[in-house]
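See structure below.
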Amino acid sequence: AETAGTVTEPVAAVEEEEEEEEEEEEEEEDDLAGRFLRLEQEQNALLRALPPFGEPVSHVYHPLDYAWEPHCDFVRRYCRTPKRVLFLGMNPGPFGMAQTGVPFGEAWHVREWLRVVGGVKKPPSEHPKRPVLGLTCRRAERSEPAPRRTAPRPTRPVDGAL
């Protein structure tokens, strides 16, 4: 006779746990993060329907395909309640979202500061000089230095702005 669960768990308890997990998954799909993730998948499908790039483009990365797990973890952690502002887009460099699926420029910040977890797969076509290493990537995006300001910076917030 087949049994489910561990030796100490009765079969009925395992079935109840499975039902609870299914209910939790359904609730997650209906919450704000779940709706946002569905919208992203719909938009991603529309992008995939566009004609492919021609020369000189040789590689196109789709981080929401190969880094979906950490991306979902990021959205579920930080998209729990309605926000007044939503930033759309990604860091287009090879060491930002292309590595982790999270729109930040360093895997270290995504992993250590945001505490995002999840597996990152290899993209189907990977540029030899831009390998996807996921959350273990040690490189960071380099920003160009900001132009020098001619006026001094304010020392305190103005009109309650941060």
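Identifiers in the structure tokens: chain A, B, ... in order shown; residue index from 1 per chain; ligand index from 1 in order shown.
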Nearby residues (only C-alpha atoms) at most 9 Å from A:Gly118, same-chain spacing under 2 positions excluded, as a PDB file with N, CA, C and O atoms, in the first residue's frame:
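Saved the output as out_24.pdb:
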ATOM      1  N   ALA A  67      15.459  34.644 -15.007  1.00  0.00           N
ATOM      2  CA  ALA A  67      15.632  35.046 -13.604  1.00  0.00           C
ATOM      3  C   ALA A  67      14.275  35.323 -12.957  1.00  0.00           C
ATOM      4  O   ALA A  67      14.138  36.212 -12.121  1.00  0.00           O
ATOM      5  N   TRP A  68      13.279  34.534 -13.326  1.00  0.00           N
ATOM      6  CA  TRP A  68      11.916  34.743 -12.835  1.00  0.00           C
ATOM      7  C   TRP A  68      11.809  34.524 -11.328  1.00  0.00           C
ATOM      8  O   TRP A  68      11.103  35.249 -10.638  1.00  0.00           O
ATOM      9  N   GLU A  69      12.512  33.532 -10.782  1.00  0.00           N
ATOM     10  CA  GLU A  69      12.408  33.248  -9.340  1.00  0.00           C
ATOM     11  C   GLU A  69      12.827  34.433  -8.474  1.00  0.00           C
ATOM     12  O   GLU A  69      12.059  34.865  -7.614  1.00  0.00           O
ATOM     13  N   PRO A  70      14.034  34.993  -8.653  1.00  0.00           N
ATOM     14  CA  PRO A  70      14.374  36.148  -7.817  1.00  0.00           C
ATOM     15  C   PRO A  70      13.498  37.362  -8.120  1.00  0.00           C
ATOM     16  O   PRO A  70      13.185  38.144  -7.220  1.00  0.00           O
ATOM     17  N   HIS A  71      13.080  37.511  -9.363  1.00  0.00           N
ATOM     18  CA  HIS A  71      12.199  38.626  -9.698  1.00  0.00           C
ATOM     19  C   HIS A  71      10.887  38.511  -8.921  1.00  0.00           C
ATOM     20  O   HIS A  71      10.425  39.490  -8.327  1.00  0.00           O
ATOM     21  N   CYS A  72      10.303  37.313  -8.902  1.00  0.00           N
ATOM     22  CA  CYS A  72       9.057  37.096  -8.152  1.00  0.00           C
ATOM     23  C   CYS A  72       9.265  37.355  -6.669  1.00  0.00           C
ATOM     24  O   CYS A  72       8.410  37.960  -6.012  1.00  0.00           O
ATOM     25  N   ASP A  73      10.391  36.900  -6.132  1.00  0.00           N
ATOM     26  CA  ASP A  73      10.673  37.122  -4.723  1.00  0.00           C
ATOM     27  C   ASP A  73      10.751  38.623  -4.437  1.00  0.00           C
ATOM     28  O   ASP A  73      10.181  39.107  -3.455  1.00  0.00           O
ATOM     29  N   THR A 100      20.103  39.382 -12.233  1.00  0.00           N
ATOM     30  CA  THR A 100      19.262  38.950 -11.106  1.00  0.00           C
ATOM     31  C   THR A 100      17.761  38.981 -11.351  1.00  0.00           C
ATOM     32  O   THR A 100      17.010  38.424 -10.563  1.00  0.00           O
ATOM     33  N   VAL A 116      16.843  39.216  -1.495  1.00  0.00           N
ATOM     34  CA  VAL A 116      16.137  38.488  -2.552  1.00  0.00           C
ATOM     35  C   VAL A 116      16.831  37.146  -2.774  1.00  0.00           C
ATOM     36  O   VAL A 116      18.058  37.064  -2.757  1.00  0.00           O
ATOM     37  N   VAL A 120      18.695  31.463 -10.759  1.00  0.00           N
ATOM     38  CA  VAL A 120      18.815  32.142 -12.051  1.00  0.00           C
ATOM     39  C   VAL A 120      19.383  31.130 -13.037  1.00  0.00           C
ATOM     40  O   VAL A 120      20.434  30.551 -12.813  1.00  0.00           O
ATOM     41  N   LEU A 135      22.798  35.786  -8.789  1.00  0.00           N
ATOM     42  CA  LEU A 135      23.049  36.458  -7.516  1.00  0.00           C
ATOM     43  C   LEU A 135      24.495  36.334  -7.044  1.00  0.00           C
ATOM     44  O   LEU A 135      24.896  37.005  -6.099  1.00  0.00           O
TER      45      LEU A 135
END
Long-range neighbours of stretch 48-53 of chain A as JSON, numbers by chain, 12 Å cut-off, only C-alpha atoms, 6 positions minimum in chain: {"A": [41, 42, 59, 60, 61, 62, 64, 65]}
Nearest to A:Phe95: which of A:Val110, A:Val75, A:Ala140, A:Val57 is it, counting only C-alpha atoms?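 Closest to A:Phe95, using only C-alpha atoms: A:Ala140.
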Best match for closeness to A:Glu106 among A:Lys83, A:Arg77, A:Arg142, A:Lys121, counting only C-alpha atoms: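 Result for the nearest residue to A:Glu106: A:Arg142.
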Between atom CA of A:Ala98 and atom CA of A:Leu32, what distance in Å does the model show, to one decimal?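 Interatomic distance here is 24.4 Å.
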Just how far from atom CA of A:Ala33 is atom CA of A:Ala107, in Å to one decimal?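 Calculated distance between atom CA of A:Ala107 and atom CA of A:Ala33 is 21.8 Å.
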Using only C-alpha atoms for the distances, tell me which of A:Arg138, A:Arg130, A:Arg80, A:Val102 is nearest to A:Arg115.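 Residue with the minimum atom-to-atom distance to A:Arg115: A:Val102.
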What residues in stretch 52-96 of chain A get the DSSP label helix (DSSP H, G or I)? Please answer as a PyMOL selection string. chain A and resi 63-66+68-78
